[in-house]
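A.B. asks: The structure's right below; bear with me while I get my questions together.
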Amino acid sequence: MPEQRALHEPFHQPARQREADRLGMIVFLASEAMLFGGLFAAAMALRLLHPVEYVAASGHLKLWLGTANTAILLTSSLMAAVAVEAARSGSPRLAGWSLGSAIILALLFLGIKGYEYLGEYREGLVPGLANAHFGTRTQQLFMNFYFVSTGLHGVHVMVGIGLLGVSALSRAAREDRAAVLIGNAALYWHLVDIIWLFLYPTLYLPGVS
Amino acid sequence: MIRLVLVSAALMLLLAVTVVAAHLPLGPAKPWIAYGIAFAKATLILWFFMEMRSEGATARLAMVAAGVWLLMMLTLTAADYLTRSWIGG
C-alpha cells in the first residue's frame with residue numbers, strides 16, 4: 001500500500017504517523033464505549049433487580065423496527081468499509097458513492113427511529129409527558145433508559161452522518177490513497193454500529209416470547 | 001472487497017439467528033445467546049471493518065483495554081446486585 005500522504009511534525013516516518021493517527025481515534029472510541037458502558041450497566045442493574053417486569057416492559061417495543069434498523073446500520077457499516085477500500089485502491093468515485101449510500105442508510109435509520117418514537121408517544125410510553133402511563137415503575141425506568149440510550153445513540157448517528165458527509169464532499173479525502181479522513185470517519189461509524197448491536201439485545205430482544 | 005461482502009453476509013446471518021433464537025423457548029439461556037451473538041457481530045466488525053486484523057499491537061491493546069474495563073465495570077456491578085439477597089437485604 002503506497003503511503004502518499006505528507007509527513008507532519010513531529011513524525012519522521014509515514015508508518016509511525018499512521019499508527020499515531022489510528023491509535024488516537026481508537027482511544028477516543030474506547031472512551032465512547034465507556035460512556036455507553038455506564039448506560040448498559042444501569043440497564044443490567046434494572047434487569048437483575050426486576051427480571052420479570054424488565055422483560056414485560058421490553059415487550060412494548062416494536063421488535064421488527066429494531067431488527068430493520070440493525071440490518072440498516074450493518075449495511076451502512078459495510079458501505080463505509082467499502083469506501084475505505086475504494087479510496088485506498090484509487091477509486092474516488094466508488095468511495096464517494098459508498099459514503100453516499102452509508103449516509104442514506106443512516107438517514108433511513110433515523111427516520112425509522114423517529115417513526116418508532118411517534119408510536120411510543122401515541123401509546124403513552126414517553127416518560128414525563130401528560131399522556132404517559134406505565135404498568136410498573138420498572139417499565140417507567142425501562143422507558144427512561146430506552147429514550148436516554150437510543151437518544152444518545154441517535155446523536156452519535158447524526159455526528160456520524162456529519163463525518164461521513166464531510167468525507168464524501170471532500171475531493172482531497174476521496175483521492176487520499178491513505179484514506180486518513182475516510183478511514184477515521186468509518187472507524188467512528190463502525191463504533192456507532194457496534195453500540196447499536198448491544199442496544200438491540202438490551203432493549204428489543206428480552207420482550208420476545 | 002469480496003471479503004467485506006462475505007463478512008456482511010455473516011453479520012446478516014447472525015442477525016437472523018438472533019431473531020429466531022429470541023422466539024425459541026430457551027429460558028434463562030436467552031440473554032446469554034442474545035449477547036453472545038451481539039459479541040460475535042461486534043468481533044467481526046472490529047476485526048474486519050475496523051481493520052484490527054492488520055493493526056499493530058498498540059492499537060489492539062487500546063481496543064482490548066476498553067473491553068477489559070467494561071468487563072470489570074459490568075462484572076462488579078452484577079456481583080453487587082446478584083449477591084444482595086444473600087444477606088437478606
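Scheme for the C-alpha cells: letters A, B, ... for chains in order shown; per-chain residue numbers from 1; ligand numbers from 1 in order shown.
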May I have a table of the residues of chain A lying at most 9 Å from chain B, giving each one's closest pair of atoms and their distance in Å to one decimal, counting only C-alpha atoms, ordered by chain and ascending residue number, as CSV?
C.D. replies:
```
residue,atom,partner,partner_atom,distance
A:Glu19,CA,B:Gly56,CA,7.6
A:Ala20,CA,B:Ala59,CA,8.8
A:Arg22,CA,B:Ala59,CA,7.2
A:Leu23,CA,B:Ala59,CA,5.2
A:Gly24,CA,B:Ala59,CA,8.8
A:Ile26,CA,B:Met63,CA,6.6
A:Val27,CA,B:Ala62,CA,6.1
A:Leu29,CA,B:Met63,CA,8.5
A:Ala30,CA,B:Ala66,CA,5.2
A:Ser31,CA,B:Ala66,CA,7.6
A:Ala33,CA,B:Ala66,CA,7.1
A:Met34,CA,B:Leu70,CA,6.7
A:Gly37,CA,B:Leu70,CA,6.2
A:Gly38,CA,B:Met73,CA,8.1
A:Phe40,CA,B:Leu74,CA,8.1
A:Ala41,CA,B:Leu74,CA,5.7
A:Ala42,CA,B:Thr77,CA,8.9
A:Met44,CA,B:Ala78,CA,7.5
A:Ala45,CA,B:Tyr81,CA,6.6
A:Leu48,CA,B:Tyr81,CA,6.7
A:Leu49,CA,B:Tyr81,CA,7.0
A:Leu63,CA,B:Val19,CA,8.9
A:Thr67,CA,B:Leu15,CA,7.9
A:Thr70,CA,B:Leu15,CA,8.0
A:Ala71,CA,B:Met12,CA,6.8
A:Leu74,CA,B:Ser8,CA,7.3
A:Thr75,CA,B:Ser8,CA,7.2
A:Ser77,CA,B:Phe49,CA,7.7
A:Leu78,CA,B:Ser8,CA,6.4
A:Ala80,CA,B:Phe49,CA,8.5
A:Ala81,CA,B:Phe49,CA,5.6
A:Val82,CA,B:Met1,CA,6.6
A:Glu85,CA,B:Met1,CA,7.1
A:Ala86,CA,B:Met1,CA,8.5
A:Gly183,CA,B:Met50,CA,8.8
A:Ala186,CA,B:Met50,CA,7.8
A:Leu187,CA,B:Met50,CA,5.8
A:His190,CA,B:Met50,CA,6.9
A:Leu191,CA,B:Leu46,CA,8.5
A:Asp193,CA,B:Ala42,CA,8.6
A:Ile194,CA,B:Ala42,CA,5.5
A:Ile195,CA,B:Ala42,CA,8.7
A:Leu197,CA,B:Ala38,CA,5.7
A:Phe198,CA,B:Ala38,CA,5.9
A:Tyr200,CA,B:Ala38,CA,8.4
A:Pro201,CA,B:Ala34,CA,5.8
A:Thr202,CA,B:Tyr35,CA,8.3
A:Leu205,CA,B:Ala22,CA,6.2
A:Pro206,CA,B:Pro31,CA,7.2
A:Gly207,CA,B:Ala22,CA,8.7
A:Val208,CA,B:Ala22,CA,6.0
A:Ser209,CA,B:His23,CA,5.8
```
A.B. asks: Residues of the last selection are to be written out with C-alpha atoms, as a compact mmCIF listing (two decimals), in the first residue's frame.
C.D. replies:
```txt
# COMPACT_ATOMS: atom_id res chain seq x y z
CA GLU A 19 -0.07 4.40 13.79
CA ALA A 20 -0.42 7.51 15.97
CA ARG A 22 -5.24 5.35 14.28
CA LEU A 23 -4.31 5.00 17.95
CA GLY A 24 -5.71 8.44 18.74
CA ILE A 26 -9.21 4.15 18.85
CA VAL A 27 -8.51 5.69 22.29
CA LEU A 29 -13.65 5.40 20.57
CA ALA A 30 -12.72 3.46 23.72
CA SER A 31 -13.84 6.47 25.77
CA ALA A 33 -17.53 2.76 24.68
CA MET A 34 -17.08 3.69 28.37
CA GLY A 37 -20.92 1.17 29.16
CA GLY A 38 -22.33 3.14 32.09
CA PHE A 40 -25.53 -0.70 29.85
CA ALA A 41 -24.55 -1.21 33.50
CA ALA A 42 -27.70 0.70 34.53
CA MET A 44 -28.22 -4.62 33.68
CA ALA A 45 -28.90 -3.49 37.25
CA LEU A 48 -31.20 -8.10 37.64
CA LEU A 49 -33.42 -6.39 40.22
CA LEU A 63 -39.09 -5.82 17.53
CA THR A 67 -34.42 -5.50 13.71
CA THR A 70 -30.00 -3.28 12.95
CA ALA A 71 -29.87 -4.57 9.36
CA LEU A 74 -24.93 -3.20 9.45
CA THR A 75 -25.31 -2.45 5.73
CA SER A 77 -21.16 -0.05 8.05
CA LEU A 78 -20.39 -2.25 5.06
CA ALA A 80 -18.27 2.76 4.98
CA ALA A 81 -15.78 -0.14 4.89
CA VAL A 82 -16.13 -0.36 1.09
CA GLU A 85 -11.02 0.19 0.41
CA ALA A 86 -12.15 2.14 -2.65
CA GLY A 183 -10.75 5.81 7.44
CA ALA A 186 -15.52 4.91 9.04
CA LEU A 187 -13.98 3.85 12.36
CA HIS A 190 -18.43 1.22 12.93
CA LEU A 191 -18.39 2.02 16.66
CA ASP A 193 -22.94 0.38 14.73
CA ILE A 194 -21.38 -1.79 17.47
CA ILE A 195 -23.15 0.21 20.21
CA LEU A 197 -25.64 -4.13 18.20
CA PHE A 198 -25.65 -4.22 22.02
CA TYR A 200 -30.65 -4.30 20.30
CA PRO A 201 -30.48 -7.33 22.67
CA THR A 202 -30.78 -4.98 25.68
CA LEU A 205 -34.94 -8.99 22.33
CA PRO A 206 -35.88 -9.59 26.02
CA GLY A 207 -39.57 -8.95 25.32
CA VAL A 208 -39.91 -11.57 22.58
CA SER A 209 -41.96 -14.56 23.72
```
A.B. asks: Mind giving me the straight-line distance from atom CA of Ser89 of chain A to atom CA of Gly160 of chain A in Å, one decimal?
C.D. replies: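 Going from atom CA of Ser89 of chain A over to atom CA of Gly160 of chain A covers 23.4 Å.
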A.B. asks: So what do you get for atom CA of Ala15 of chain A versus atom CA of Gly165 of chain A, distance-wise?
C.D. replies: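 Going from atom CA of Ala15 of chain A over to atom CA of Gly165 of chain A covers 27.0 Å.
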A.B. asks: Ile182 of chain A: which residues within 7 Å, counting only C-alpha atoms, same-chain residues fewer than 3 positions away excluded, as a PyMOL selection string?
C.D. replies: chain A and resi 84+167+173+179+185-186
A.B. asks: Pick out each residue of segment 35-64 of chain A that DSSP on the backbone tags as alpha helix (DSSP H); I need them as a list of chain:residue names.
C.D. replies: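 Matching residues, listed in order: A:Leu35, A:Phe36, A:Gly37, A:Gly38, A:Leu39, A:Phe40, A:Ala41, A:Ala42, A:Ala43, A:Met44, A:Ala45, A:Leu46, A:Arg47, A:Leu48, A:Leu49, A:Pro51, A:Val52, A:Glu53, A:Tyr54, A:Val55, A:Ala56, A:Ala57, A:Ser58, A:Leu63, A:Trp64.
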A.B. asks: With C-alpha atoms retained, export the selected residues as a compact mmCIF listing (two decimals), in the first residue's frame.
C.D. replies:
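What landed in selection-v9.txt:
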```txt
# COMPACT_ATOMS: atom_id res chain seq x y z
CA LEU A 35 -19.79 6.35 28.08
CA PHE A 36 -22.30 3.81 26.77
CA GLY A 37 -20.92 1.17 29.16
CA GLY A 38 -22.33 3.14 32.09
CA LEU A 39 -25.78 3.05 30.46
CA PHE A 40 -25.53 -0.70 29.85
CA ALA A 41 -24.55 -1.21 33.50
CA ALA A 42 -27.70 0.70 34.53
CA ALA A 43 -29.87 -1.50 32.27
CA MET A 44 -28.22 -4.62 33.68
CA ALA A 45 -28.90 -3.49 37.25
CA LEU A 46 -32.55 -2.84 36.38
CA ARG A 47 -32.89 -6.25 34.76
CA LEU A 48 -31.20 -8.10 37.64
CA LEU A 49 -33.42 -6.39 40.22
CA PRO A 51 -36.26 -9.51 35.70
CA VAL A 52 -39.96 -10.19 35.06
CA GLU A 53 -41.03 -6.52 34.80
CA TYR A 54 -38.00 -5.71 32.60
CA VAL A 55 -38.98 -8.40 30.08
CA ALA A 56 -42.62 -7.21 30.14
CA ALA A 57 -41.54 -3.60 29.53
CA SER A 58 -39.34 -4.68 26.61
CA LEU A 63 -39.09 -5.82 17.53
CA TRP A 64 -39.31 -5.55 13.75
```
A.B. asks: Please indicate the distance in Å from atom CA of Glu9 of chain A to atom CA of Val180 of chain A, rounded to one decimal place.
C.D. replies: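 Straight-line distance from atom CA of Glu9 of chain A to atom CA of Val180 of chain A works out to 16.3 Å.
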A.B. asks: Given the choices A:Leu108, A:Ser170, A:Lys113, A:Val192, which gets closest to Lys62 of chain A if the distance is worked out from only C-alpha atoms?
C.D. replies: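 Distance minimum relative to Lys62 of chain A lands on A:Lys113.
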A.B. asks: Quick one: residues within 7 Å of segment 117-133 of chain A, only C-alpha atoms counted, chain neighbours fewer than 3 positions away excluded, as a list in words?
C.D. replies: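 Once the adjacent positions are removed, what remains is Lys113, Gly114, Gln140, Met143 and Asn144 of chain A.
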A.B. asks: Neighbours of Gln17 of chain A within 8 Å (only C-alpha atoms; same-chain residues fewer than 4 positions away dropped), as a count of residues only?
C.D. replies: 6
A.B. asks: Go through A:Met79, A:Ala172, A:Leu141, A:Val159 and flag the residue nearest Gly100 of chain A, using only C-alpha atoms for the distances.
C.D. replies: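 Checking each candidate against Gly100 of chain A, we get A:Met79 as the closest.
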A.B. asks: Which residue is closest to Tyr204 of chain A? Choose from A:Ile104, A:Ser98, A:Tyr146, A:Leu73 and count only C-alpha atoms.
C.D. replies: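 Of the candidates, the smallest distance to Tyr204 of chain A is held by A:Tyr146.
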